[in-house]
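*Asks:* One structure is given below, represented as structure tokens, and several questions about it will come after.
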Amino acid sequence: MGNLKGKDLICTQDWAKEDLDKLFKLAFEMKQDRFGEKYLDLLYRKQFFMFFFNPSLRTRQSFEAAATELGAHAQFLEPGAMRLKTAKSAGETIEDAAQVMDRYAFGLGIRMLEAKISAYGEADEIIREYAKYTKMPVISMAHDKFHPCQGIADLMGWMEWLAPEGKQNTGTLAEEFNPEALAGKKLLLTWSQGALCRSWCSAQEAALIASRYGMDVTIAHPEGYELDPEVIASTKANCEENGREFVETNDAEEGYKGAHVVYSRNWMSPEAYQNGELLKAAEIEKAMKYSGWTCTSDRMDMTDNAIFTHPMPIDRGSEVVDAVASGPNSCIFDVAENRLHGQKAIMAATMAGFLD
Amino acid sequence: MGNLKGKDLICTQDWAKEDLDKLFKLAFEMKQDRFGEKYLDLLYRKQFFMFFFNPSLRTRQSFEAAATELGAHAQFLEPGAMRLKTAKSAGETIEDAAQVMDRYAFGLGIRMLEAKISAYGEADEIIREYAKYTKMPVISMAHDKFHPCQGIADLMGWMEWLAPEGKQNTGTLAEEFNPEALAGKKLLLTWSQGALCRSWCSAQEAALIASRYGMDVTIAHPEGYELDPEVIASTKANCEENGREFVETNDAEEGYKGAHVVYSRNWMSPEAYQNGELLKAAEIEKAMKYSGWTCTSDRMDMTDNAIFTHPMPIDRGSEVVDAVASGPNSCIFDVAENRLHGQKAIMAATMAGFLD
Amino acid sequence: MGNLKGKDLICTQDWAKEDLDKLFKLAFEMKQDRFGEKYLDLLYRKQFFMFFFNPSLRTRQSFEAAATELGAHAQFLEPGAMRLKTAKSAGETIEDAAQVMDRYAFGLGIRMLEAKISAYGEADEIIREYAKYTKMPVISMAHDKFHPCQGIADLMGWMEWLAPEGKQNTGTLAEEFNPEALAGKKLLLTWSQGALCRSWCSAQEAALIASRYGMDVTIAHPEGYELDPEVIASTKANCEENGREFVETNDAEEGYKGAHVVYSRNWMSPEAYQNGELLKAAEIEKAMKYSGWTCTSDRMDMTDNAIFTHPMPIDRGSEVVDAVASGPNSCIFDVAENRLHGQKAIMAATMAGFLD
């Protein structure tokens with residue numbers, strides 16, 4: 001039976017669909033009953049270690065709140081200020097550090113993004129090495145490849161808005177796990193220009209989990225902004241398995257047609273790393289040359305009354321115009337809120353075994 | 001009825017006097033019963049976000065303790081390490097960040113002082129912008145204009161020492177809210193030299209709240225060290241309303257005569273900012289030229305057995321001599337302690353609605 | 001009677017042996033019953049302030065966990081980011097800061113190592129100055145001279161492994177305070193090369209507490225790597241009092257003969273500070289010239305089936321080879337775990353008076 005206690009969450013694709021289903025259900029229940037007695041002491045007085053190799057606003061706030069609300073304590077740890085061996089520094093081995101932490105804590109979150117590594121994929125390797133040496137669950141709090149907590153929050157928000165009784169139609173959120181609300185709906189995941197040289201992690205996680213839950217997926221980007229071919233292949237396979245359509249296009253407008261969810265976000269190119277260095281300035285310069293890739297009201301008018309989604313922070317004006325980001329079809333704040341509830345469910349499942 | 005739940009506290013002057021009265025009463029009760037059951041779970045498992053744009057010792061320690069003692073968890077957030085738009089950096093808009101935080105937390109403290117802004121008043125504007133976009137209460141943890149938590153702690157300490165049964169006379173603290181202890185007493189708020197180029201916030205808050213509670217107020221400083229004219233006007237108006245005297249003087253000794261409370265502290269000049277830069281070194285050099293503005297024992301002898309008060313940290317030797325700061329009439333540690341109790345009352349009132 | 005509430009722990013040598021005995025007993029009980037009701041609320045809603053003048057992984061993680069597990073909240077404070085007067089910076093006096101903190105917190109941990117001071121012994125002086133001005137207990141979280149929490153964790157681990165029913169023989173940990181397991185056993189504390197220019201604190205604490213508990217102590221190091229003569233004198237005196245042998249040698253192999261515990265670790269030379277500066281690069285260069293001071297399997301074969309111990313992080317390859325550090329006689333992870341339980345016992349005893 002129970003297989004989720006101790007299970008790592010590094011990418012939603014690593015989890016069986018029925019386990020994700022259970023997780024979503026719990027997250028929705030926790031949202032309806034935020035301080036309910038049922039959950040308040042699931043991790044009573046336990047530690048959750050948060051390794052922030054890169055800084056973050058939302059991720060820290062939501063994880064630290066999630067821990068508190070389950071009775072745990074989240075430690076905000078910045079390994080840059082510690083003597084840990086990473087891709088870029090000498091020190092203690094991951095094997096040693098991980099085995100010690102197992103003695104103190106019951107879960108380990110790790111955030112490691114582009115600026116801390118020398119090539120795409122390194123953070124994923126490091127996280128999986130921590131996972132190998134700890135017995136406690138390792139949860140990605142965003143890394144170069146994936147952002148499972150964001151993917152879960154995204155889908156919760158889309159279900160809340162797209163369900164027949166949901167916000168898009170009635171102005172109130174649908175309150176339950178409702179995968180049918182997504183099945184057969186079309187996600188447009190589109191690159192957009194921006195001065196932030198962003199990670200692939202949120203976009204790739206969204207493509208994977210949306211295709212897993214039966215959405216048609218269109219990925220649009222200028223030539224030269226391809227995502228990880230392996231992730232694209234998995235997304236395609238997910239679509240095929242569900243009998244849905246997968247499209248990749250270099251056309252900035254085409255994908256809007258008939259879309260139900262528009263996800264517009266900047267990401268870096270596969271050439272971002274050269275000789276072990278992230279060339280951020282060059283990437284930004286290159287990205288800002290594309291003026292025709294902003295999500296505008298006109299483009300939203302081409303969709304099937306689509307909702308606008310974004311993992312935030314938004315680069316307003318570049319990624320999306322204010323009229324869309326702050327418009328009536330923008331689900332961004334509900335998605336952001338779902339980070340909290342999704343992460344509580346993840347912690348309850350993997351650290352407390354609540355779903356086993 | 002209840003109007004304090006969700007209310008911001010950016011300056012005590014923004015609050016009705018009867019609400020401040022209630023707040024003081026609660027703070028004294030909480031001091032008498034620090035871990036009393038009545039208060040222990042007022043904010044059970046809730047988040048309080050602390051935005052420290054500038055570092056702090058006492059403010060962080062006392063807020064984080066206050067949160068714990070009410071059952072909450074305070075997150076120590078340093079926006080310098082986050083992707084937040086401030087006066088000096090690009091990034092997410094306050095509007096976006098504030099609305100997300102509302103989904104996670106139940107109160108937001110903000111500390112933003114001179115070094116982080118380019119002109120006096122900017123921090124006040126930014127804090128009020130956060131307050132505009134969040135539903136939760138925003139509490140100033142000191143900003144360029146005001147320091148309401150310090151003002152409340154100051155007055156609690158002065159009441160404890162000046163009440164007939166208080167420390168100045170009996171060596172034990174008066175334990176109750178006793179505004180009569182202050183009415184008609186004279187506060188000398190005097191500039192002093194010092195190498196710290198200090199904010200106006202504590203001094204201005206003290207002038208406002210002391211005048212509100214019926215004290216005579218004398219502000220002494222060298223020419224060129226005027227405080228904010230609007231704050232002076234409000235202080236004057238408060239004094240007039242209470243039939244009390246307001247005096248501003250450039251004489252370093254005059255104000256000591258007949259004083260009951262002496263508050264000696266360095267502050268910067270109105271010329272501290274030039275072309276968007278805080279000229280700290282120049283300010284310190286200028287301030288250190290004044291050798292006759294230290295609070296000495298001789299000067300304390302000119303008072304009506306005044307107590308010595310200071311928001312700390314003290315620049316000993318410059319702002320005040322050791323004999324006074326560590327003397328029998330120094331209430332500095334009791335004032336510092338009151339930061340804790342005052343802030344617990346503020347959080348209970350604004351975050352939990354305990355006084356509504 | 002009760003004398004431990006409020007007692008500082010700056011070095012185990014400062015404590016009476018019977019108090020250390022009581023502390024060990026409690027630590028073992030807490031290890032057997034980690035989340036037992038008896039201990040869960042000993043420090044309910046109280047603050048423990050952690051002053052990290054130097055960063056740390058294990059120390060922070062274990063103290064913050066210890067506080068949580070007793071119901072307290074540990075504040076992670078980095079005085080480098082605060083306005084505190086230290087050996088290297090101006091600001092508030094320790095006298096002032098300490099007296100304010102007494103109003104908020106119930107215990108103060110301080111970590112201050114070589115990089116933050118200008119001569120050996122300064123950190124010890126500063127910590128004792130904090131202890132002088134606070135009423136609450138001050139606990140060293142490692143400083144230039146001593147590391148009492150490590151010493152306690154070390155001895156717990158050695159007792160667990162060396163007791164007749166312990167891990168060395170049976171593969172399971174002995175679960176009780178068992179000082180007889182150590183009496184008459186031989187500790188080899190040996191210098192080893194390494195690129196980390198390490199503090200004397202852990203080694204000195206180990207020498208003191210091991211000799212206190214009746215072990216024979218051999219300290220081996222190259223000429224020029226003598227530890228603090230006063231600590232050596234105290235260790236010798238401890239050995240004499242127990243009728244045990246104390247040996248200091250410059251031979252890298254001699255001490256292994258007949259050892260029951262091998263503690264191999266790099267430390268800096270007495271010449272590390274020159275003119276108020278820590279010459280780290282020069283120290284590392286000097287240390288790395290010694291190639292014959294690594295703990296190897298061959299050397300372990302010379303012992304009396306000794307266990308290998310280390311306070312971590314380990315500089316693998318220099319201080320010890322992998323085959324020993326990860327071998328069946330390595331107690332490093334159990335020692336690391338004991339930091340948590342030992343510190344819980346220390347906090348319960350000094351902050352809550354649980355042993356009084």
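All residue names refer to the structure tokens as shown: chains lettered A, B, ... in order, residues numbered from 1 in each chain, ligands numbered from 1 in order.
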Could you name the residues that touch Ser211 in chain A at 7 Å or less, counting only C-alpha atoms, but leaving out those on the same chain fewer than 4 positions away, as a list in words?

*Replies:*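 Here the answer would be Ala207, Met215, Asp216, Val217, Thr235, Asn238 and Cys239 of chain A.
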
*Asks:* Mind dumping the selected residues with N, CA and C atoms as a PDB file, in the first residue's frame?

*Replies:*
ATOM      1  N   ALA A 207       4.230  21.921 -19.026  1.00  0.00           N
ATOM      2  CA  ALA A 207       3.995  21.104 -20.222  1.00  0.00           C
ATOM      3  C   ALA A 207       3.770  19.653 -19.844  1.00  0.00           C
ATOM      4  N   MET A 215      -4.632  17.573 -21.521  1.00  0.00           N
ATOM      5  CA  MET A 215      -4.786  18.801 -22.279  1.00  0.00           C
ATOM      6  C   MET A 215      -4.073  18.670 -23.633  1.00  0.00           C
ATOM      7  N   ASP A 216      -4.584  19.380 -24.618  1.00  0.00           N
ATOM      8  CA  ASP A 216      -3.826  19.622 -25.841  1.00  0.00           C
ATOM      9  C   ASP A 216      -2.764  20.659 -25.490  1.00  0.00           C
ATOM     10  N   VAL A 217      -1.568  20.461 -25.993  1.00  0.00           N
ATOM     11  CA  VAL A 217      -0.488  21.379 -25.628  1.00  0.00           C
ATOM     12  C   VAL A 217       0.166  21.966 -26.876  1.00  0.00           C
ATOM     13  N   THR A 235       6.447  15.104 -23.043  1.00  0.00           N
ATOM     14  CA  THR A 235       5.167  15.803 -23.190  1.00  0.00           C
ATOM     15  C   THR A 235       4.377  15.218 -24.364  1.00  0.00           C
ATOM     16  N   ASN A 238       3.019  11.921 -23.406  1.00  0.00           N
ATOM     17  CA  ASN A 238       1.841  12.099 -22.538  1.00  0.00           C
ATOM     18  C   ASN A 238       0.614  12.408 -23.384  1.00  0.00           C
ATOM     19  N   CYS A 239       0.766  13.325 -24.339  1.00  0.00           N
ATOM     20  CA  CYS A 239      -0.357  13.709 -25.197  1.00  0.00           C
ATOM     21  C   CYS A 239      -0.857  12.498 -25.980  1.00  0.00           C
TER      22      CYS A 239
END

*Asks:* Tell me, as a list in words, which residues lie within 8 Å of range 113-117 of chain C, counting only C-alpha atoms; anything in the same chain fewer than 2 positions away does not count.

*Replies:*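 What passes the distance filter is Phe53, Asn54, Ala87, Lys88, Arg111, Ala119, Tyr120, Glu122, Ala123, Ala142, His143, Asp144, Ser199, Gly276 and Leu278 of chain C.
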
*Asks:* Extract, using only C-alpha atoms, all DNA, RNA and protein residues at most 9 Å from Glu205 in chain C, discarding same-chain residues fewer than 6 positions from it, and format them as a count of residues only.

*Replies:* 12

*Asks:* Just need the residues of chain B within 6 Å of chain A, counting only C-alpha atoms, so spit them out as a list in words.

*Replies:*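 The answer, sorted by residue number, is Arg45, Met82, Glu92, Val100 and Arg103 of chain B.
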
*Asks:* Output N, CA and C atoms for every residue in that selection, as a short mmCIF file (atom, residue, chain, number, x, y, z; two decimals), in the first residue's frame.

*Replies:*
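Okay, this is what ended up in part_22.cif:
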data_model
loop_
_atom_site.label_atom_id
_atom_site.label_comp_id
_atom_site.auth_asym_id
_atom_site.auth_seq_id
_atom_site.Cartn_x
_atom_site.Cartn_y
_atom_site.Cartn_z
N ARG B 45 -0.43 29.48 14.55
CA ARG B 45 0.05 28.93 13.28
C ARG B 45 -0.05 29.92 12.10
N MET B 82 15.63 39.45 -2.54
CA MET B 82 14.48 38.94 -3.27
C MET B 82 14.25 39.79 -4.52
N GLU B 92 9.41 42.74 -9.49
CA GLU B 92 7.96 42.62 -9.38
C GLU B 92 7.36 43.90 -8.80
N VAL B 100 -0.13 38.70 -3.54
CA VAL B 100 0.24 37.29 -3.28
C VAL B 100 0.44 37.06 -1.78
N ARG B 103 -2.31 36.09 0.46
CA ARG B 103 -2.81 34.73 0.43
C ARG B 103 -2.09 33.85 1.46
#

*Asks:* Residues of range 90-300 of chain C in alpha helix (DSSP H) according to DSSP, as a ChimeraX atom specification?

*Replies:* /C:94-104,122-133,148-162,167-170,201-212,229-241,280-288,297-300
